[in-house]
Amino acid sequence: MFPSRNVAILYRPGHYDMDDSELGSAKVFFDCFHQRTAIRTGDLIIPRYSYLPFPESLQADCDYVSAELINPIKQHRYAADIRLWGEDMGELTPKTWYRIEDIDQDGPYVLKGKTNSRKFDWKTHMFAKDRAAASEVAWRLQTDGLIGGGSQDVYIRKYVPLKTFMVGINDLPVTNEFRFFVAYGEVLCGAYYWANYSADLPSIPQASEVPRDFLNLAIKRVGANISFYAIDVAQTAEGGWIVIEVNDGCMSGLSENNADMLYGRLRDTINQKLLATPETP
């Protein structure tokens, strides 16, 4: 069932994202364990929801036994910092400023941490109609338990109106947005992003709506900067498409993606990658 080189999922037991259903799917295709002491020499480790909170420690543990992370820490940091992947995306993603004083365009804006956002507190902790409001939102984020306290820089992004189906709690726009999982440049699967609201819609939008040329260009922009990632793309109110986020695939929720498809295709893609790159004696 498994490739000759052991590929394993290191998961965090009891983590709210890795429910029993997803874990069951993962176990069909991969060796799965939750103790770092189970990592063996030569293993390729997929730290599903377990890269944080101590990524440097996890990398050091893998290095100690000559195991490899699917996304080594440099790659993890690439996806965790919009400054890095955002500059590679260029015009495919909204303009971003790294300080309030650097803003050179009128609002509105959305604000987020370097890695995380408070999108479910959209009205108070993400959306800002103008520069004054952006300063207030930035202050709230800087005192937030997840983002504040110096743990993450706060970035400001140009607000781009998106095709919106409904307005959720705290004025959150529920948009035509999709999450794709990508490994080694290959799309594994894609599905509607807003899983929390999909039951409220007349029908669930399909990832086939996203133009493949656009998605392929975004994937090309990421290049080899990260092996396994999730990329979120959305349709603008004017009908175009933009990249909303790039995230480490190890740490990204499924959204509406099918777990069997994700893990099955991830296994197949890794097998092809390992066969194409024989280990050096």
# chains A, B, ... in the order shown; residues from 1 in each chain; ligands from 1
>>> residues_around(residues="stretch 105-119 of chain A", least_positions_apart="5", cutoff="8 Å", atoms="only C-alpha atoms", output="list of chain:residue names")
A:Ala80, A:Asp81, A:Ile82, A:Arg83, A:His125, A:Met126, A:Phe127, A:Ala128, A:Lys129, A:Asp130, A:Arg131, A:Ala134, A:Val137, A:Ala138, A:Leu141, A:Leu146, A:Ile147, A:Gln152, A:Asp153, A:Val154, A:Tyr155, A:Ile156, A:Arg157, A:Lys158, A:Tyr159, A:Leu172
>>> select_by_dssp(residues="stretch 82-129 of chain A", states="alpha helix (DSSP H)", output="ChimeraX atom specification")
/A:82-89,122-125
>>> write_last_selection(atoms="N, CA, C and O atoms", output="mmCIF file, in the first residue's frame")
data_model
loop_
_atom_site.group_PDB
_atom_site.id
_atom_site.type_symbol
_atom_site.label_atom_id
_atom_site.label_comp_id
_atom_site.auth_asym_id
_atom_site.auth_seq_id
_atom_site.Cartn_x
_atom_site.Cartn_y
_atom_site.Cartn_z
ATOM 1 N N ILE A 82 2.534 36.419 3.677
ATOM 2 C CA ILE A 82 1.984 37.002 2.451
ATOM 3 C C ILE A 82 2.996 37.904 1.739
ATOM 4 O O ILE A 82 2.932 38.083 0.522
ATOM 5 N N ARG A 83 3.938 38.450 2.478
ATOM 6 C CA ARG A 83 4.964 39.293 1.844
ATOM 7 C C ARG A 83 5.757 38.491 0.814
ATOM 8 O O ARG A 83 6.172 39.024 -0.226
ATOM 9 N N LEU A 84 5.969 37.199 1.076
ATOM 10 C CA LEU A 84 6.764 36.362 0.189
ATOM 11 C C LEU A 84 5.953 35.890 -1.008
ATOM 12 O O LEU A 84 6.298 36.171 -2.158
ATOM 13 N N TRP A 85 4.859 35.162 -0.747
ATOM 14 C CA TRP A 85 4.096 34.647 -1.891
ATOM 15 C C TRP A 85 3.342 35.756 -2.613
ATOM 16 O O TRP A 85 3.134 35.682 -3.830
ATOM 17 N N GLY A 86 2.948 36.805 -1.886
ATOM 18 C CA GLY A 86 2.213 37.893 -2.516
ATOM 19 C C GLY A 86 3.034 38.622 -3.559
ATOM 20 O O GLY A 86 2.521 39.014 -4.616
ATOM 21 N N GLU A 87 4.303 38.809 -3.289
ATOM 22 C CA GLU A 87 5.158 39.477 -4.262
ATOM 23 C C GLU A 87 5.361 38.609 -5.495
ATOM 24 O O GLU A 87 5.484 39.121 -6.620
ATOM 25 N N ASP A 88 5.380 37.283 -5.327
ATOM 26 C CA ASP A 88 5.484 36.400 -6.485
ATOM 27 C C ASP A 88 4.204 36.427 -7.320
ATOM 28 O O ASP A 88 4.254 36.350 -8.559
ATOM 29 N N MET A 89 3.058 36.557 -6.658
ATOM 30 C CA MET A 89 1.782 36.579 -7.377
ATOM 31 C C MET A 89 1.598 37.867 -8.175
ATOM 32 O O MET A 89 0.926 37.892 -9.206
ATOM 33 N N TRP A 122 -15.271 39.886 10.704
ATOM 34 C CA TRP A 122 -15.063 40.742 9.540
ATOM 35 C C TRP A 122 -15.298 42.211 9.842
ATOM 36 O O TRP A 122 -14.494 43.075 9.497
ATOM 37 N N LYS A 123 -16.391 42.522 10.500
ATOM 38 C CA LYS A 123 -16.807 43.908 10.695
ATOM 39 C C LYS A 123 -15.860 44.688 11.589
ATOM 40 O O LYS A 123 -15.690 45.903 11.403
ATOM 41 N N THR A 124 -15.218 44.018 12.537
ATOM 42 C CA THR A 124 -14.385 44.724 13.517
ATOM 43 C C THR A 124 -12.893 44.428 13.390
ATOM 44 O O THR A 124 -12.063 45.226 13.823
ATOM 45 N N HIS A 125 -12.532 43.269 12.802
ATOM 46 C CA HIS A 125 -11.140 42.835 12.809
ATOM 47 C C HIS A 125 -10.571 42.531 11.418
ATOM 48 O O HIS A 125 -9.481 41.964 11.316
#
>>> closest_residue(among="A:Ser135, A:Thr41, A:Asn216, A:Asn247", to="A:Ile231", atoms="only C-alpha atoms")
A:Asn247
>>> select_by_dssp(residues="stretch 47-231 of chain A", states="strand (DSSP E or B)", output="JSON, numbers by chain")
{"A": [68, 69, 96, 97, 109, 110, 111, 112, 113, 127, 128, 154, 155, 156, 157, 158, 162, 164, 165, 166, 167, 173, 174, 175, 177, 178, 179, 180, 181, 182, 183, 186, 187, 188, 189, 190, 191, 192, 228, 229, 230, 231]}
>>> closest_residue(among="A:Thr164, A:Ser252, A:Ser227, A:Asn176", to="A:Leu266", atoms="only C-alpha atoms")
A:Ser227
>>> residues_around(residues="A:Trp194", least_positions_apart="5", cutoff="10 Å", atoms="only C-alpha atoms", output="ChimeraX atom specification")
/A:174-179,199,204-205,255-256
>>> write_last_selection(atoms="all heavy atoms", output="PDB file, in the first residue's frame")
ATOM      1  N   VAL A 174     -20.008  36.044   1.973  1.00  0.00           N
ATOM      2  CA  VAL A 174     -19.825  34.645   1.571  1.00  0.00           C
ATOM      3  C   VAL A 174     -19.742  34.648   0.052  1.00  0.00           C
ATOM      4  O   VAL A 174     -20.729  34.901  -0.636  1.00  0.00           O
ATOM      5  CB  VAL A 174     -20.974  33.767   2.082  1.00  0.00           C
ATOM      6  CG1 VAL A 174     -20.794  32.324   1.628  1.00  0.00           C
ATOM      7  CG2 VAL A 174     -21.062  33.852   3.608  1.00  0.00           C
ATOM      8  N   THR A 175     -18.580  34.383  -0.471  1.00  0.00           N
ATOM      9  CA  THR A 175     -18.241  34.712  -1.852  1.00  0.00           C
ATOM     10  C   THR A 175     -18.057  33.464  -2.719  1.00  0.00           C
ATOM     11  O   THR A 175     -18.098  32.327  -2.237  1.00  0.00           O
ATOM     12  CB  THR A 175     -16.952  35.542  -1.874  1.00  0.00           C
ATOM     13  OG1 THR A 175     -15.899  34.779  -1.263  1.00  0.00           O
ATOM     14  CG2 THR A 175     -17.138  36.848  -1.097  1.00  0.00           C
ATOM     15  N   ASN A 176     -17.820  33.704  -3.997  1.00  0.00           N
ATOM     16  CA  ASN A 176     -17.549  32.623  -4.936  1.00  0.00           C
ATOM     17  C   ASN A 176     -16.048  32.338  -4.897  1.00  0.00           C
ATOM     18  O   ASN A 176     -15.272  32.822  -5.719  1.00  0.00           O
ATOM     19  CB  ASN A 176     -17.997  33.027  -6.349  1.00  0.00           C
ATOM     20  CG  ASN A 176     -18.200  31.825  -7.245  1.00  0.00           C
ATOM     21  OD1 ASN A 176     -18.580  30.760  -6.791  1.00  0.00           O
ATOM     22  ND2 ASN A 176     -17.939  31.992  -8.535  1.00  0.00           N
ATOM     23  N   GLU A 177     -15.657  31.529  -3.935  1.00  0.00           N
ATOM     24  CA  GLU A 177     -14.246  31.299  -3.625  1.00  0.00           C
ATOM     25  C   GLU A 177     -13.996  29.798  -3.532  1.00  0.00           C
ATOM     26  O   GLU A 177     -14.848  29.044  -3.059  1.00  0.00           O
ATOM     27  CB  GLU A 177     -13.885  31.995  -2.313  1.00  0.00           C
ATOM     28  CG  GLU A 177     -12.420  31.913  -1.945  1.00  0.00           C
ATOM     29  CD  GLU A 177     -12.081  32.744  -0.710  1.00  0.00           C
ATOM     30  OE1 GLU A 177     -12.934  33.539  -0.268  1.00  0.00           O
ATOM     31  OE2 GLU A 177     -10.964  32.581  -0.194  1.00  0.00           O
ATOM     32  N   PHE A 178     -12.800  29.395  -3.929  1.00  0.00           N
ATOM     33  CA  PHE A 178     -12.479  27.974  -4.003  1.00  0.00           C
ATOM     34  C   PHE A 178     -11.091  27.709  -3.430  1.00  0.00           C
ATOM     35  O   PHE A 178     -10.197  28.548  -3.527  1.00  0.00           O
ATOM     36  CB  PHE A 178     -12.538  27.487  -5.457  1.00  0.00           C
ATOM     37  CG  PHE A 178     -13.879  27.703  -6.090  1.00  0.00           C
ATOM     38  CD1 PHE A 178     -14.157  28.892  -6.754  1.00  0.00           C
ATOM     39  CD2 PHE A 178     -14.867  26.749  -5.994  1.00  0.00           C
ATOM     40  CE1 PHE A 178     -15.403  29.113  -7.326  1.00  0.00           C
ATOM     41  CE2 PHE A 178     -16.114  26.947  -6.561  1.00  0.00           C
ATOM     42  CZ  PHE A 178     -16.386  28.138  -7.223  1.00  0.00           C
ATOM     43  N   ARG A 179     -10.936  26.524  -2.845  1.00  0.00           N
ATOM     44  CA  ARG A 179      -9.635  26.093  -2.322  1.00  0.00           C
ATOM     45  C   ARG A 179      -9.143  24.912  -3.142  1.00  0.00           C
ATOM     46  O   ARG A 179      -9.842  23.905  -3.293  1.00  0.00           O
ATOM     47  CB  ARG A 179      -9.744  25.703  -0.854  1.00  0.00           C
ATOM     48  CG  ARG A 179      -8.504  24.968  -0.301  1.00  0.00           C
ATOM     49  CD  ARG A 179      -8.426  25.015   1.202  1.00  0.00           C
ATOM     50  NE  ARG A 179      -8.065  26.376   1.628  1.00  0.00           N
ATOM     51  CZ  ARG A 179      -7.948  26.746   2.908  1.00  0.00           C
ATOM     52  NH1 ARG A 179      -8.192  25.875   3.878  1.00  0.00           N
ATOM     53  NH2 ARG A 179      -7.607  27.980   3.207  1.00  0.00           N
ATOM     54  N   ALA A 199     -24.321  24.909   3.173  1.00  0.00           N
ATOM     55  CA  ALA A 199     -25.687  24.416   3.343  1.00  0.00           C
ATOM     56  C   ALA A 199     -26.722  25.524   3.211  1.00  0.00           C
ATOM     57  O   ALA A 199     -27.915  25.246   3.011  1.00  0.00           O
ATOM     58  CB  ALA A 199     -25.826  23.732   4.705  1.00  0.00           C
ATOM     59  N   ILE A 204     -24.083  24.276  -4.255  1.00  0.00           N
ATOM     60  CA  ILE A 204     -22.673  24.516  -3.939  1.00  0.00           C
ATOM     61  C   ILE A 204     -21.913  24.824  -5.229  1.00  0.00           C
ATOM     62  O   ILE A 204     -21.928  24.014  -6.163  1.00  0.00           O
ATOM     63  CB  ILE A 204     -22.051  23.294  -3.245  1.00  0.00           C
ATOM     64  CG1 ILE A 204     -22.788  23.005  -1.930  1.00  0.00           C
ATOM     65  CG2 ILE A 204     -20.565  23.532  -2.969  1.00  0.00           C
ATOM     66  CD1 ILE A 204     -22.309  21.749  -1.229  1.00  0.00           C
ATOM     67  N   PRO A 205     -21.269  25.975  -5.317  1.00  0.00           N
ATOM     68  CA  PRO A 205     -20.482  26.292  -6.520  1.00  0.00           C
ATOM     69  C   PRO A 205     -19.396  25.246  -6.764  1.00  0.00           C
ATOM     70  O   PRO A 205     -18.875  24.635  -5.812  1.00  0.00           O
ATOM     71  CB  PRO A 205     -19.881  27.664  -6.193  1.00  0.00           C
ATOM     72  CG  PRO A 205     -20.814  28.245  -5.179  1.00  0.00           C
ATOM     73  CD  PRO A 205     -21.272  27.084  -4.351  1.00  0.00           C
ATOM     74  N   SER A 255     -12.021  22.654   3.573  1.00  0.00           N
ATOM     75  CA  SER A 255     -13.161  23.334   2.960  1.00  0.00           C
ATOM     76  C   SER A 255     -14.119  22.250   2.464  1.00  0.00           C
ATOM     77  O   SER A 255     -14.402  21.304   3.197  1.00  0.00           O
ATOM     78  CB  SER A 255     -12.720  24.303   1.862  1.00  0.00           C
ATOM     79  OG  SER A 255     -12.029  25.402   2.432  1.00  0.00           O
ATOM     80  N   GLU A 256     -14.594  22.311   1.209  1.00  0.00           N
ATOM     81  CA  GLU A 256     -15.502  21.280   0.706  1.00  0.00           C
ATOM     82  C   GLU A 256     -14.773  20.163  -0.047  1.00  0.00           C
ATOM     83  O   GLU A 256     -15.403  19.316  -0.680  1.00  0.00           O
ATOM     84  CB  GLU A 256     -16.563  21.907  -0.209  1.00  0.00           C
ATOM     85  CG  GLU A 256     -17.633  22.686   0.520  1.00  0.00           C
ATOM     86  CD  GLU A 256     -18.613  21.775   1.260  1.00  0.00           C
ATOM     87  OE1 GLU A 256     -18.784  20.616   0.854  1.00  0.00           O
ATOM     88  OE2 GLU A 256     -19.210  22.230   2.255  1.00  0.00           O
TER      89      GLU A 256
END
>>> closest_residue(among="A:Met18, A:Val160, A:Val65, A:Tyr11", to="A:Thr96", atoms="only C-alpha atoms")
A:Val160
>>> residues_around(residues="A:Leu23", least_positions_apart="4", cutoff="12 Å", atoms="only C-alpha atoms", output="list in words")
Ile9, Leu10, Tyr11, Arg12, Pro13, Gly14, His15, Tyr16, Asp17, Met18, Asp19, Lys27, Val28, Phe29, Phe30, Asp31, Cys32, Phe33, His34, Arg48, Tyr49, Leu254, Ala259, Asp260, Leu262 and Tyr263 of chain A
>>> residues_around(residues="A:Asp248", least_positions_apart="2", cutoff="9 Å", atoms="only C-alpha atoms", output="PyMOL selection string")
chain A and resi 71+75-80+226-231+246+250-252
>>> atom_distance(atom1="atom CA of A:Tyr64", atom2="atom CA of A:Ala26")
25.7 Å
>>> closest_residue(among="A:Ala132, A:Leu58, A:Asp200, A:Ile169", to="A:Ile103", atoms="only C-alpha atoms")
A:Ala132
>>> closest_residue(among="A:Cys189, A:Ala195, A:Ile242, A:Ala67", to="A:Ser208", atoms="only C-alpha atoms")
A:Cys189
>>> residues_around(residues="A:Asn258", least_positions_apart="5", cutoff="12 Å", atoms="only C-alpha atoms", output="list in words")
Ser21, Glu22, Ser25, Ala26, Arg179, Phe180, Phe181, Leu188, Cys189, Gly190, Ala191, Tyr192, Ala195, Gly253, Tyr263, Gly264 and Arg265 of chain A
>>> write_last_selection(atoms="C-alpha atoms", output="mmCIF file, in the first residue's frame")
data_model
loop_
_atom_site.group_PDB
_atom_site.id
_atom_site.type_symbol
_atom_site.label_atom_id
_atom_site.label_comp_id
_atom_site.auth_asym_id
_atom_site.auth_seq_id
_atom_site.Cartn_x
_atom_site.Cartn_y
_atom_site.Cartn_z
ATOM 1 C CA SER A 21 -13.578 11.124 9.242
ATOM 2 C CA GLU A 22 -10.538 12.886 7.781
ATOM 3 C CA SER A 25 -9.356 8.757 4.998
ATOM 4 C CA ALA A 26 -5.701 9.564 5.653
ATOM 5 C CA ARG A 179 -9.635 26.093 -2.322
ATOM 6 C CA PHE A 180 -7.269 23.974 -4.406
ATOM 7 C CA PHE A 181 -4.647 21.628 -2.986
ATOM 8 C CA LEU A 188 -4.820 17.340 -6.388
ATOM 9 C CA CYS A 189 -8.375 18.579 -5.885
ATOM 10 C CA GLY A 190 -10.431 21.736 -5.596
ATOM 11 C CA ALA A 191 -13.757 22.650 -4.053
ATOM 12 C CA TYR A 192 -15.864 25.470 -2.664
ATOM 13 C CA ALA A 195 -17.840 25.021 3.970
ATOM 14 C CA GLY A 253 -8.540 22.819 6.260
ATOM 15 C CA TYR A 263 -5.061 11.879 0.290
ATOM 16 C CA GLY A 264 -5.325 9.409 -2.587
ATOM 17 C CA ARG A 265 -4.016 11.878 -5.135
#
>>> atom_distance(atom1="atom CA of A:Glu238", atom2="atom CA of A:Asp171")
20.6 Å
>>> decode(residues="stretch 82-96 of chain A", atoms="all heavy atoms", output="compact mmCIF listing (two decimals), in the first residue's frame")
# COMPACT_ATOMS: atom_id res chain seq x y z
N ILE A 82 2.53 36.42 3.68
CA ILE A 82 1.98 37.00 2.45
C ILE A 82 3.00 37.90 1.74
O ILE A 82 2.93 38.08 0.52
CB ILE A 82 0.69 37.77 2.77
CG1 ILE A 82 -0.05 38.13 1.50
CG2 ILE A 82 0.95 38.99 3.60
CD1 ILE A 82 -1.39 38.77 1.76
N ARG A 83 3.94 38.45 2.48
CA ARG A 83 4.96 39.29 1.84
C ARG A 83 5.76 38.49 0.81
O ARG A 83 6.17 39.02 -0.23
CB ARG A 83 5.92 39.85 2.91
CG ARG A 83 6.97 40.80 2.35
CD ARG A 83 8.00 41.13 3.41
NE ARG A 83 7.47 41.93 4.46
CZ ARG A 83 7.59 43.27 4.54
NH1 ARG A 83 8.21 43.92 3.58
NH2 ARG A 83 7.10 43.92 5.55
N LEU A 84 5.97 37.20 1.08
CA LEU A 84 6.76 36.36 0.19
C LEU A 84 5.95 35.89 -1.01
O LEU A 84 6.30 36.17 -2.16
CB LEU A 84 7.33 35.17 0.98
CG LEU A 84 8.23 35.55 2.16
CD1 LEU A 84 8.68 34.29 2.91
CD2 LEU A 84 9.44 36.35 1.69
N TRP A 85 4.86 35.16 -0.75
CA TRP A 85 4.10 34.65 -1.89
C TRP A 85 3.34 35.76 -2.61
O TRP A 85 3.13 35.68 -3.83
CB TRP A 85 3.16 33.52 -1.47
CG TRP A 85 2.05 33.88 -0.53
CD1 TRP A 85 2.02 33.66 0.82
CD2 TRP A 85 0.79 34.51 -0.85
NE1 TRP A 85 0.83 34.10 1.35
CE2 TRP A 85 0.07 34.63 0.36
CE3 TRP A 85 0.23 34.98 -2.03
CZ2 TRP A 85 -1.19 35.22 0.41
CZ3 TRP A 85 -1.03 35.55 -1.98
CH2 TRP A 85 -1.73 35.67 -0.78
N GLY A 86 2.95 36.81 -1.89
CA GLY A 86 2.21 37.89 -2.52
C GLY A 86 3.03 38.62 -3.56
O GLY A 86 2.52 39.01 -4.62
N GLU A 87 4.30 38.81 -3.29
CA GLU A 87 5.16 39.48 -4.26
C GLU A 87 5.36 38.61 -5.50
O GLU A 87 5.48 39.12 -6.62
CB GLU A 87 6.48 39.87 -3.61
CG GLU A 87 6.30 40.96 -2.56
CD GLU A 87 7.59 41.41 -1.91
OE1 GLU A 87 8.65 40.83 -2.26
OE2 GLU A 87 7.55 42.31 -1.06
N ASP A 88 5.38 37.28 -5.33
CA ASP A 88 5.48 36.40 -6.49
C ASP A 88 4.20 36.43 -7.32
O ASP A 88 4.25 36.35 -8.56
CB ASP A 88 5.76 34.96 -6.04
CG ASP A 88 7.20 34.77 -5.56
OD1 ASP A 88 8.05 35.60 -5.92
OD2 ASP A 88 7.45 33.79 -4.84
N MET A 89 3.06 36.56 -6.66
CA MET A 89 1.78 36.58 -7.38
C MET A 89 1.60 37.87 -8.17
O MET A 89 0.93 37.89 -9.21
CB MET A 89 0.61 36.42 -6.40
CG MET A 89 0.41 35.02 -5.91
SD MET A 89 -0.01 33.89 -7.26
CE MET A 89 0.25 32.32 -6.42
N GLY A 90 2.16 38.96 -7.71
CA GLY A 90 2.05 40.21 -8.44
C GLY A 90 0.61 40.63 -8.63
O GLY A 90 -0.18 40.69 -7.68
N GLU A 91 0.23 40.90 -9.88
CA GLU A 91 -1.09 41.43 -10.18
C GLU A 91 -2.20 40.41 -10.02
O GLU A 91 -3.39 40.75 -10.11
CB GLU A 91 -1.11 41.98 -11.62
CG GLU A 91 -1.26 40.93 -12.73
CD GLU A 91 -0.01 40.08 -12.98
OE1 GLU A 91 1.03 40.35 -12.37
OE2 GLU A 91 -0.10 39.14 -13.80
N LEU A 92 -1.87 39.16 -9.74
CA LEU A 92 -2.90 38.13 -9.56
C LEU A 92 -3.57 38.21 -8.19
O LEU A 92 -4.57 37.53 -7.96
CB LEU A 92 -2.31 36.72 -9.74
CG LEU A 92 -1.66 36.40 -11.09
CD1 LEU A 92 -1.24 34.93 -11.12
CD2 LEU A 92 -2.60 36.72 -12.24
N THR A 93 -3.02 39.01 -7.29
CA THR A 93 -3.56 39.11 -5.94
C THR A 93 -3.67 40.59 -5.56
O THR A 93 -2.97 41.44 -6.13
CB THR A 93 -2.66 38.33 -4.96
OG1 THR A 93 -3.38 38.06 -3.75
CG2 THR A 93 -1.38 39.09 -4.63
N PRO A 94 -4.56 40.95 -4.63
CA PRO A 94 -4.71 42.37 -4.28
C PRO A 94 -3.42 42.99 -3.75
O PRO A 94 -2.61 42.32 -3.11
CB PRO A 94 -5.80 42.34 -3.21
CG PRO A 94 -6.59 41.10 -3.50
CD PRO A 94 -5.59 40.10 -3.98
N LYS A 95 -3.26 44.27 -4.02
CA LYS A 95 -2.09 45.01 -3.55
C LYS A 95 -2.03 44.95 -2.03
O LYS A 95 -3.06 45.01 -1.34
CB LYS A 95 -2.16 46.47 -4.01
CG LYS A 95 -0.95 47.31 -3.64
CD LYS A 95 -1.03 48.69 -4.24
CE LYS A 95 0.13 49.58 -3.77
NZ LYS A 95 1.44 49.04 -4.20
N THR A 96 -0.82 44.84 -1.50
CA THR A 96 -0.62 44.70 -0.05
C THR A 96 0.38 45.73 0.44
O THR A 96 1.40 45.98 -0.21
CB THR A 96 -0.12 43.28 0.29
OG1 THR A 96 -1.05 42.31 -0.20
CG2 THR A 96 0.05 43.10 1.79
